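Peer 1: Input structure: entry_28.cif, which contains mmCIF, N, CA and C atoms.
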```cif
data_run
loop_
_atom_site.group_PDB
_atom_site.id
_atom_site.type_symbol
_atom_site.label_atom_id
_atom_site.label_comp_id
_atom_site.auth_asym_id
_atom_site.auth_seq_id
_atom_site.Cartn_x
_atom_site.Cartn_y
_atom_site.Cartn_z
ATOM 1 N N MET A 1 15.886 -16.286 4.453
ATOM 2 C CA MET A 1 14.584 -15.832 4.870
ATOM 3 C C MET A 1 13.683 -15.817 3.635
ATOM 4 N N ARG A 2 12.536 -16.469 3.732
ATOM 5 C CA ARG A 2 11.645 -16.494 2.581
ATOM 6 C C ARG A 2 10.597 -15.397 2.696
ATOM 7 N N CYS A 3 9.933 -15.149 1.582
ATOM 8 C CA CYS A 3 8.907 -14.118 1.545
ATOM 9 C C CYS A 3 7.850 -14.406 2.608
ATOM 10 N N GLY A 4 7.480 -13.384 3.375
ATOM 11 C CA GLY A 4 6.476 -13.555 4.421
ATOM 12 C C GLY A 4 7.073 -13.695 5.812
ATOM 13 N N GLN A 5 8.390 -13.899 5.898
ATOM 14 C CA GLN A 5 9.052 -13.993 7.203
ATOM 15 C C GLN A 5 10.008 -12.814 7.316
ATOM 16 N N TYR A 6 9.582 -11.767 8.005
ATOM 17 C CA TYR A 6 10.351 -10.539 8.039
ATOM 18 C C TYR A 6 10.696 -10.137 9.458
ATOM 19 N N PRO A 7 11.849 -9.532 9.627
ATOM 20 C CA PRO A 7 12.227 -9.061 10.954
ATOM 21 C C PRO A 7 11.517 -7.758 11.319
ATOM 22 N N PHE A 8 10.841 -7.132 10.360
ATOM 23 C CA PHE A 8 10.153 -5.868 10.584
ATOM 24 C C PHE A 8 8.651 -6.100 10.479
ATOM 25 N N GLY A 9 7.878 -5.205 11.027
ATOM 26 C CA GLY A 9 6.431 -5.300 10.899
ATOM 27 C C GLY A 9 5.905 -4.167 10.052
ATOM 28 N N GLY A 10 4.650 -4.219 9.722
ATOM 29 C CA GLY A 10 3.975 -3.129 9.036
ATOM 30 C C GLY A 10 4.557 -2.764 7.693
ATOM 31 N N ALA A 11 4.635 -1.462 7.444
ATOM 32 C CA ALA A 11 5.069 -0.956 6.145
ATOM 33 C C ALA A 11 6.481 -1.404 5.799
ATOM 34 N N LYS A 12 7.337 -1.555 6.803
ATOM 35 C CA LYS A 12 8.700 -2.005 6.525
ATOM 36 C C LYS A 12 8.698 -3.412 5.942
ATOM 37 N N ALA A 13 7.776 -4.250 6.365
ATOM 38 C CA ALA A 13 7.688 -5.602 5.804
ATOM 39 C C ALA A 13 7.269 -5.555 4.346
ATOM 40 N N VAL A 14 6.316 -4.682 4.018
ATOM 41 C CA VAL A 14 5.887 -4.546 2.624
ATOM 42 C C VAL A 14 7.033 -4.020 1.785
ATOM 43 N N SER A 15 7.754 -3.018 2.288
ATOM 44 C CA SER A 15 8.898 -2.467 1.580
ATOM 45 C C SER A 15 9.956 -3.545 1.355
ATOM 46 N N PHE A 16 10.228 -4.348 2.386
ATOM 47 C CA PHE A 16 11.202 -5.439 2.280
ATOM 48 C C PHE A 16 10.733 -6.461 1.251
ATOM 49 N N ALA A 17 9.431 -6.737 1.218
ATOM 50 C CA ALA A 17 8.891 -7.707 0.266
ATOM 51 C C ALA A 17 9.101 -7.247 -1.162
ATOM 52 N N ILE A 18 8.933 -5.961 -1.423
ATOM 53 C CA ILE A 18 9.146 -5.439 -2.769
ATOM 54 C C ILE A 18 10.619 -5.579 -3.148
ATOM 55 N N ARG A 19 11.510 -5.224 -2.232
ATOM 56 C CA ARG A 19 12.950 -5.313 -2.519
ATOM 57 C C ARG A 19 13.388 -6.738 -2.770
ATOM 58 N N THR A 20 12.811 -7.703 -2.059
ATOM 59 C CA THR A 20 13.235 -9.091 -2.209
ATOM 60 C C THR A 20 12.461 -9.814 -3.299
ATOM 61 N N ARG A 21 11.619 -9.083 -3.966
ATOM 62 C CA ARG A 21 10.879 -9.599 -5.119
ATOM 63 C C ARG A 21 9.988 -10.792 -4.765
ATOM 64 N N CYS A 22 9.137 -10.582 -3.783
ATOM 65 C CA CYS A 22 8.122 -11.582 -3.448
ATOM 66 C C CYS A 22 7.230 -11.797 -4.659
ATOM 67 N N ARG A 23 6.550 -12.890 -4.656
ATOM 68 C CA ARG A 23 5.549 -13.099 -5.685
ATOM 69 C C ARG A 23 4.487 -12.022 -5.546
ATOM 70 N N LEU A 24 3.969 -11.583 -6.671
ATOM 71 C CA LEU A 24 2.997 -10.490 -6.680
ATOM 72 C C LEU A 24 1.771 -10.815 -5.827
ATOM 73 N N GLY A 25 1.286 -12.042 -5.898
ATOM 74 C CA GLY A 25 0.118 -12.434 -5.111
ATOM 75 C C GLY A 25 0.372 -12.352 -3.617
ATOM 76 N N GLU A 26 1.559 -12.741 -3.195
ATOM 77 C CA GLU A 26 1.887 -12.683 -1.775
ATOM 78 C C GLU A 26 2.032 -11.241 -1.306
ATOM 79 N N LEU A 27 2.642 -10.411 -2.133
ATOM 80 C CA LEU A 27 2.760 -8.995 -1.805
ATOM 81 C C LEU A 27 1.369 -8.350 -1.702
ATOM 82 N N GLU A 28 0.479 -8.709 -2.611
ATOM 83 C CA GLU A 28 -0.886 -8.169 -2.563
ATOM 84 C C GLU A 28 -1.600 -8.592 -1.280
ATOM 85 N N ARG A 29 -1.505 -9.853 -0.924
ATOM 86 C CA ARG A 29 -2.160 -10.338 0.307
ATOM 87 C C ARG A 29 -1.605 -9.627 1.544
ATOM 88 N N MET A 30 -0.282 -9.446 1.596
ATOM 89 C CA MET A 30 0.325 -8.748 2.732
ATOM 90 C C MET A 30 -0.168 -7.302 2.813
ATOM 91 N N THR A 31 -0.210 -6.639 1.671
ATOM 92 C CA THR A 31 -0.636 -5.234 1.630
ATOM 93 C C THR A 31 -2.083 -5.093 2.054
ATOM 94 N N ARG A 32 -2.938 -5.958 1.529
ATOM 95 C CA ARG A 32 -4.359 -5.874 1.854
ATOM 96 C C ARG A 32 -4.611 -6.198 3.334
ATOM 97 N N ARG A 33 -3.913 -7.159 3.871
ATOM 98 C CA ARG A 33 -4.088 -7.494 5.286
ATOM 99 C C ARG A 33 -3.598 -6.360 6.177
ATOM 100 N N TYR A 34 -2.456 -5.802 5.828
ATOM 101 C CA TYR A 34 -1.908 -4.672 6.580
ATOM 102 C C TYR A 34 -2.897 -3.506 6.570
ATOM 103 N N THR A 35 -3.460 -3.211 5.401
ATOM 104 C CA THR A 35 -4.431 -2.122 5.274
ATOM 105 C C THR A 35 -5.679 -2.401 6.101
ATOM 106 N N ALA A 36 -6.168 -3.625 6.046
ATOM 107 C CA ALA A 36 -7.364 -3.989 6.820
ATOM 108 C C ALA A 36 -7.125 -3.792 8.316
ATOM 109 N N GLU A 37 -5.927 -4.084 8.778
ATOM 110 C CA GLU A 37 -5.602 -3.905 10.194
ATOM 111 C C GLU A 37 -5.518 -2.425 10.582
ATOM 112 N N LEU A 38 -5.262 -1.563 9.603
ATOM 113 C CA LEU A 38 -5.134 -0.126 9.865
ATOM 114 C C LEU A 38 -6.436 0.656 9.665
ATOM 115 N N ILE A 39 -7.503 -0.006 9.260
ATOM 116 C CA ILE A 39 -8.745 0.672 8.882
ATOM 117 C C ILE A 39 -9.160 1.763 9.870
ATOM 118 N N GLU A 40 -9.110 1.508 11.138
ATOM 119 C CA GLU A 40 -9.587 2.505 12.101
ATOM 120 C C GLU A 40 -8.619 3.674 12.301
ATOM 121 N N PHE A 41 -7.403 3.551 11.785
ATOM 122 C CA PHE A 41 -6.397 4.590 11.986
ATOM 123 C C PHE A 41 -6.127 5.446 10.758
ATOM 124 N N ILE A 42 -6.581 5.006 9.585
ATOM 125 C CA ILE A 42 -6.325 5.756 8.357
ATOM 126 C C ILE A 42 -7.629 6.255 7.761
ATOM 127 N N GLY A 43 -7.515 7.203 6.865
ATOM 128 C CA GLY A 43 -8.681 7.738 6.177
ATOM 129 C C GLY A 43 -8.478 9.204 5.855
ATOM 130 N N PRO A 44 -9.302 9.748 4.961
ATOM 131 C CA PRO A 44 -9.161 11.143 4.548
ATOM 132 C C PRO A 44 -9.240 12.138 5.706
ATOM 133 N N GLU A 45 -9.952 11.796 6.750
ATOM 134 C CA GLU A 45 -10.102 12.688 7.898
ATOM 135 C C GLU A 45 -9.172 12.326 9.057
ATOM 136 N N LYS A 46 -8.341 11.290 8.865
ATOM 137 C CA LYS A 46 -7.459 10.829 9.943
ATOM 138 C C LYS A 46 -6.006 10.934 9.503
ATOM 139 N N ASP A 47 -5.497 9.871 8.926
ATOM 140 C CA ASP A 47 -4.117 9.814 8.469
ATOM 141 C C ASP A 47 -4.127 9.256 7.063
ATOM 142 N N VAL A 48 -3.431 9.905 6.146
ATOM 143 C CA VAL A 48 -3.410 9.499 4.743
ATOM 144 C C VAL A 48 -2.032 8.914 4.428
ATOM 145 N N PRO A 49 -1.944 7.582 4.280
ATOM 146 C CA PRO A 49 -0.648 6.964 3.960
ATOM 147 C C PRO A 49 -0.114 7.426 2.605
ATOM 148 N N ALA A 50 1.190 7.539 2.529
ATOM 149 C CA ALA A 50 1.880 7.911 1.294
ATOM 150 C C ALA A 50 2.944 6.857 1.007
ATOM 151 N N PRO A 51 3.363 6.747 -0.249
ATOM 152 C CA PRO A 51 4.396 5.758 -0.568
ATOM 153 C C PRO A 51 5.702 6.079 0.149
ATOM 154 N N ASP A 52 6.416 5.038 0.496
ATOM 155 C CA ASP A 52 7.704 5.171 1.158
ATOM 156 C C ASP A 52 8.745 4.529 0.245
ATOM 157 N N VAL A 53 9.961 4.442 0.696
ATOM 158 C CA VAL A 53 11.026 3.820 -0.081
ATOM 159 C C VAL A 53 10.599 2.410 -0.482
ATOM 160 N N ASN A 54 10.729 2.093 -1.754
ATOM 161 C CA ASN A 54 10.391 0.782 -2.324
ATOM 162 C C ASN A 54 8.899 0.461 -2.343
ATOM 163 N N THR A 55 8.029 1.410 -2.051
ATOM 164 C CA THR A 55 6.592 1.178 -2.163
ATOM 165 C C THR A 55 6.145 1.831 -3.461
ATOM 166 N N ASN A 56 5.410 1.092 -4.275
ATOM 167 C CA ASN A 56 5.070 1.607 -5.588
ATOM 168 C C ASN A 56 3.576 1.929 -5.734
ATOM 169 N N GLU A 57 3.194 2.391 -6.924
ATOM 170 C CA GLU A 57 1.801 2.748 -7.194
ATOM 171 C C GLU A 57 0.861 1.565 -7.006
ATOM 172 N N GLN A 58 1.303 0.375 -7.347
ATOM 173 C CA GLN A 58 0.452 -0.802 -7.216
ATOM 174 C C GLN A 58 0.092 -1.065 -5.758
ATOM 175 N N VAL A 59 1.057 -0.949 -4.881
ATOM 176 C CA VAL A 59 0.810 -1.144 -3.449
ATOM 177 C C VAL A 59 -0.202 -0.118 -2.947
ATOM 178 N N MET A 60 -0.042 1.131 -3.368
ATOM 179 C CA MET A 60 -0.968 2.177 -2.928
ATOM 180 C C MET A 60 -2.371 1.938 -3.498
ATOM 181 N N ALA A 61 -2.453 1.409 -4.704
ATOM 182 C CA ALA A 61 -3.756 1.086 -5.303
ATOM 183 C C ALA A 61 -4.442 -0.031 -4.520
ATOM 184 N N TRP A 62 -3.688 -1.045 -4.097
ATOM 185 C CA TRP A 62 -4.268 -2.121 -3.278
ATOM 186 C C TRP A 62 -4.768 -1.579 -1.946
ATOM 187 N N MET A 63 -3.998 -0.653 -1.364
ATOM 188 C CA MET A 63 -4.425 -0.054 -0.097
ATOM 189 C C MET A 63 -5.738 0.701 -0.279
ATOM 190 N N MET A 64 -5.824 1.508 -1.346
ATOM 191 C CA MET A 64 -7.044 2.265 -1.603
ATOM 192 C C MET A 64 -8.223 1.325 -1.844
ATOM 193 N N ASP A 65 -8.008 0.296 -2.617
ATOM 194 C CA ASP A 65 -9.063 -0.659 -2.933
ATOM 195 C C ASP A 65 -9.555 -1.380 -1.679
ATOM 196 N N THR A 66 -8.641 -1.811 -0.845
ATOM 197 C CA THR A 66 -9.010 -2.510 0.388
ATOM 198 C C THR A 66 -9.800 -1.591 1.311
ATOM 199 N N TYR A 67 -9.315 -0.387 1.498
ATOM 200 C CA TYR A 67 -10.026 0.579 2.341
ATOM 201 C C TYR A 67 -11.424 0.838 1.770
ATOM 202 N N SER A 68 -11.504 1.047 0.474
ATOM 203 C CA SER A 68 -12.787 1.315 -0.182
ATOM 204 C C SER A 68 -13.766 0.155 -0.007
ATOM 205 N N MET A 69 -13.272 -1.062 -0.104
ATOM 206 C CA MET A 69 -14.155 -2.222 0.095
ATOM 207 C C MET A 69 -14.725 -2.223 1.510
ATOM 208 N N HIS A 70 -13.914 -1.894 2.494
ATOM 209 C CA HIS A 70 -14.381 -1.853 3.881
ATOM 210 C C HIS A 70 -15.384 -0.718 4.110
ATOM 211 N N MET A 71 -15.223 0.389 3.378
ATOM 212 C CA MET A 71 -16.126 1.538 3.523
ATOM 213 C C MET A 71 -17.363 1.416 2.618
ATOM 214 N N ARG A 72 -17.364 0.411 1.740
ATOM 215 C CA ARG A 72 -18.462 0.155 0.797
ATOM 216 C C ARG A 72 -18.706 1.298 -0.180
ATOM 217 N N GLN A 73 -17.651 2.045 -0.466
ATOM 218 C CA GLN A 73 -17.679 3.082 -1.490
ATOM 219 C C GLN A 73 -16.240 3.411 -1.871
ATOM 220 N N THR A 74 -16.042 3.933 -3.059
ATOM 221 C CA THR A 74 -14.700 4.291 -3.492
ATOM 222 C C THR A 74 -14.225 5.524 -2.731
ATOM 223 N N VAL A 75 -13.059 5.396 -2.095
ATOM 224 C CA VAL A 75 -12.480 6.493 -1.322
ATOM 225 C C VAL A 75 -11.075 6.743 -1.879
ATOM 226 N N THR A 76 -10.992 7.628 -2.863
ATOM 227 C CA THR A 76 -9.689 7.882 -3.489
ATOM 228 C C THR A 76 -8.749 8.685 -2.591
ATOM 229 N N ALA A 77 -9.299 9.451 -1.654
ATOM 230 C CA ALA A 77 -8.477 10.322 -0.807
ATOM 231 C C ALA A 77 -7.814 9.598 0.359
ATOM 232 N N VAL A 78 -7.930 8.282 0.432
ATOM 233 C CA VAL A 78 -7.360 7.551 1.575
ATOM 234 C C VAL A 78 -5.839 7.423 1.498
ATOM 235 N N VAL A 79 -5.268 7.429 0.296
ATOM 236 C CA VAL A 79 -3.813 7.311 0.129
ATOM 237 C C VAL A 79 -3.342 8.251 -0.967
ATOM 238 N N THR A 80 -2.055 8.556 -0.944
ATOM 239 C CA THR A 80 -1.439 9.269 -2.065
ATOM 240 C C THR A 80 -0.569 8.262 -2.809
ATOM 241 N N GLY A 81 -0.081 8.672 -3.971
ATOM 242 C CA GLY A 81 0.848 7.825 -4.709
ATOM 243 C C GLY A 81 0.213 6.734 -5.535
ATOM 244 N N LYS A 82 -1.106 6.773 -5.707
ATOM 245 C CA LYS A 82 -1.773 5.756 -6.521
ATOM 246 C C LYS A 82 -1.696 6.146 -8.000
ATOM 247 N N PRO A 83 -1.971 5.225 -8.908
ATOM 248 C CA PRO A 83 -1.924 5.535 -10.337
ATOM 249 C C PRO A 83 -2.928 6.627 -10.730
ATOM 250 N N ILE A 84 -2.596 7.378 -11.762
ATOM 251 C CA ILE A 84 -3.451 8.462 -12.247
ATOM 252 C C ILE A 84 -4.838 7.962 -12.611
ATOM 253 N N ASN A 85 -4.932 6.777 -13.222
ATOM 254 C CA ASN A 85 -6.228 6.290 -13.693
ATOM 255 C C ASN A 85 -7.209 5.941 -12.575
ATOM 256 N N ILE A 86 -6.750 5.933 -11.315
ATOM 257 C CA ILE A 86 -7.681 5.711 -10.203
ATOM 258 C C ILE A 86 -7.648 6.876 -9.202
ATOM 259 N N GLY A 87 -7.300 8.048 -9.705
ATOM 260 C CA GLY A 87 -7.362 9.237 -8.867
ATOM 261 C C GLY A 87 -6.039 9.796 -8.399
ATOM 262 N N GLY A 88 -4.948 9.269 -8.911
ATOM 263 C CA GLY A 88 -3.631 9.782 -8.537
ATOM 264 C C GLY A 88 -3.343 11.134 -9.172
ATOM 265 N N SER A 89 -2.293 11.779 -8.728
ATOM 266 C CA SER A 89 -1.923 13.107 -9.221
ATOM 267 C C SER A 89 -0.848 13.023 -10.295
ATOM 268 N N ARG A 90 -0.995 13.837 -11.313
ATOM 269 C CA ARG A 90 0.058 13.936 -12.338
ATOM 270 C C ARG A 90 1.311 14.513 -11.682
ATOM 271 N N GLY A 91 2.463 13.992 -12.041
ATOM 272 C CA GLY A 91 3.726 14.491 -11.517
ATOM 273 C C GLY A 91 4.121 13.871 -10.186
ATOM 274 N N ARG A 92 3.260 13.044 -9.604
ATOM 275 C CA ARG A 92 3.552 12.433 -8.304
ATOM 276 C C ARG A 92 4.804 11.567 -8.344
ATOM 277 N N ARG A 93 4.933 10.782 -9.383
ATOM 278 C CA ARG A 93 6.086 9.879 -9.502
ATOM 279 C C ARG A 93 7.391 10.668 -9.547
ATOM 280 N N GLU A 94 7.402 11.757 -10.297
ATOM 281 C CA GLU A 94 8.603 12.569 -10.424
ATOM 282 C C GLU A 94 8.901 13.357 -9.150
ATOM 283 N N ALA A 95 7.883 13.633 -8.345
ATOM 284 C CA ALA A 95 8.034 14.476 -7.154
ATOM 285 C C ALA A 95 8.592 13.742 -5.938
ATOM 286 N N ARG A 96 8.509 12.432 -5.912
ATOM 287 C CA ARG A 96 8.930 11.716 -4.692
ATOM 288 C C ARG A 96 10.453 11.713 -4.565
ATOM 289 N N PRO A 97 10.930 11.681 -3.345
ATOM 290 C CA PRO A 97 12.380 11.678 -3.113
ATOM 291 C C PRO A 97 13.012 10.381 -3.611
ATOM 292 N N ARG A 98 14.249 10.470 -3.945
ATOM 293 C CA ARG A 98 14.968 9.280 -4.457
ATOM 294 C C ARG A 98 16.094 8.915 -3.527
#
```
Hey, can you dump this file as structure tokens for me?

Peer 2:
Amino acid sequence: MRCGQYPFGGAKAVSFAIRTRCRLGELERMTRRYTAELIEFIGPEKDVPAPDVNTNEQVMAWMMDTYSMHMRQTVTAVVTGKPINIGGSRGRREARPR
């Protein structure tokens, strides 16, 4: 099975892509497309996605960036688990389950 052909949909596909070491560009495109499809269901006042198993800070940063582009303003509160330099929380990496 090559990158982009997954038996799972949504977040599980992104998680699988990270584990199978997809090319970074392909992982970014998958993450951004997935986020764009979720625009009406996520947000600070709706549902705030958090990192899951095998989802890293970079994936969460792409999600925040994609959402922000659609909203035409920076929305740091749309996801958790993003890097500190773009609004993430100190200690977040150490706090997640292993």

Peer 1: Go through A:Gly25, A:Gly91, A:Pro44, A:Pro83 one by one, measure the shortest atom-to-atom distance of each to Met60 of chain A using only C-alpha atoms, and give the residue with the smallest value.

Peer 2: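 Among the listed residues, the smallest separation from Met60 of chain A belongs to A:Pro83.
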
Peer 1: Nearest to Met71 of chain A among A:Ser89, A:Ala36, A:Cys22, A:Val53, with distances taken over only C-alpha atoms: which residue is it?

Peer 2: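 Ranking A:Ser89, A:Ala36, A:Cys22, A:Val53 by distance to Met71 of chain A, first place goes to A:Ala36.
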
Peer 1: Quick one: of A:Met30, A:Leu24, A:Ala50, A:Ile42, who's nearest to Val75 of chain A, counting only C-alpha atoms?

Peer 2: A:Ile42

Peer 1: If you count only C-alpha atoms, which residues fall within 7 Å of Val78 of chain A, apart from same-chain ones fewer than 6 positions away, as a list in words?

Peer 2: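 Contacts, in chain order: Gly43, Pro44, Val48 and Met64 of chain A.
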
Peer 1: Tell me, as a PDB file with N, CA and C atoms, in the coordinates of the input, which residues lie within 8 Å of Val59 of chain A, counting only N, CA and C atoms; anything in the same chain fewer than 5 positions away does not count.

Peer 2:
```
ATOM      1  N   LEU A  27       2.642 -10.411  -2.133  1.00  0.00           N
ATOM      2  CA  LEU A  27       2.760  -8.995  -1.805  1.00  0.00           C
ATOM      3  C   LEU A  27       1.369  -8.350  -1.702  1.00  0.00           C
ATOM      4  N   GLU A  28       0.479  -8.709  -2.611  1.00  0.00           N
ATOM      5  CA  GLU A  28      -0.886  -8.169  -2.563  1.00  0.00           C
ATOM      6  C   GLU A  28      -1.600  -8.592  -1.280  1.00  0.00           C
ATOM      7  N   THR A  31      -0.210  -6.639   1.671  1.00  0.00           N
ATOM      8  CA  THR A  31      -0.636  -5.234   1.630  1.00  0.00           C
ATOM      9  C   THR A  31      -2.083  -5.093   2.054  1.00  0.00           C
ATOM     10  N   ARG A  32      -2.938  -5.958   1.529  1.00  0.00           N
ATOM     11  CA  ARG A  32      -4.359  -5.874   1.854  1.00  0.00           C
ATOM     12  C   ARG A  32      -4.611  -6.198   3.334  1.00  0.00           C
ATOM     13  N   PRO A  51       3.363   6.747  -0.249  1.00  0.00           N
ATOM     14  CA  PRO A  51       4.396   5.758  -0.568  1.00  0.00           C
ATOM     15  C   PRO A  51       5.702   6.079   0.149  1.00  0.00           C
ATOM     16  N   MET A  64      -5.824   1.508  -1.346  1.00  0.00           N
ATOM     17  CA  MET A  64      -7.044   2.265  -1.603  1.00  0.00           C
ATOM     18  C   MET A  64      -8.223   1.325  -1.844  1.00  0.00           C
ATOM     19  N   ASP A  65      -8.008   0.296  -2.617  1.00  0.00           N
ATOM     20  CA  ASP A  65      -9.063  -0.659  -2.933  1.00  0.00           C
ATOM     21  C   ASP A  65      -9.555  -1.380  -1.679  1.00  0.00           C
ATOM     22  N   GLY A  81      -0.081   8.672  -3.971  1.00  0.00           N
ATOM     23  CA  GLY A  81       0.848   7.825  -4.709  1.00  0.00           C
ATOM     24  C   GLY A  81       0.213   6.734  -5.535  1.00  0.00           C
ATOM     25  N   LYS A  82      -1.106   6.773  -5.707  1.00  0.00           N
ATOM     26  CA  LYS A  82      -1.773   5.756  -6.521  1.00  0.00           C
ATOM     27  C   LYS A  82      -1.696   6.146  -8.000  1.00  0.00           C
ATOM     28  N   PRO A  83      -1.971   5.225  -8.908  1.00  0.00           N
ATOM     29  CA  PRO A  83      -1.924   5.535 -10.337  1.00  0.00           C
ATOM     30  C   PRO A  83      -2.928   6.627 -10.730  1.00  0.00           C
TER      31      PRO A  83
END
```

Peer 1: What is the atom C of Met63 of chain A-atom N of Ile86 of chain A distance in Å, reported with one decimal?

Peer 2: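 Distance reported for this atom pair: 12.3 Å.
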
Peer 1: What does the distance between atom C of Tyr67 of chain A and atom N of Arg90 of chain A come to in Å, to one decimal place?

Peer 2: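 Going from atom C of Tyr67 of chain A over to atom N of Arg90 of chain A, I get 21.2 Å.
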
Peer 1: Using all atoms listed in the file, which of A:Arg23, A:Thr55, A:Arg33, A:Ile39 sits nearest His70 of chain A?

Peer 2: A:Ile39

Peer 1: Just how far from atom CA of Thr80 of chain A is atom CA of Pro49 of chain A, in Å to one decimal?

Peer 2: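 Going from atom CA of Pro49 of chain A over to atom CA of Thr80 of chain A covers 6.5 Å.
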
Peer 1: Using 3 Å of padding on each side, determine the axis-aligned box around all atoms of segment 67-80 of chain A present in the file and give its centre and edge lengths in Å to one decimal, as JSON.

Peer 2:
```
{"center_x": -9.6, "center_y": 4.0, "center_z": 0.3, "size_x": 24.1, "size_y": 18.5, "size_z": 13.6}
```
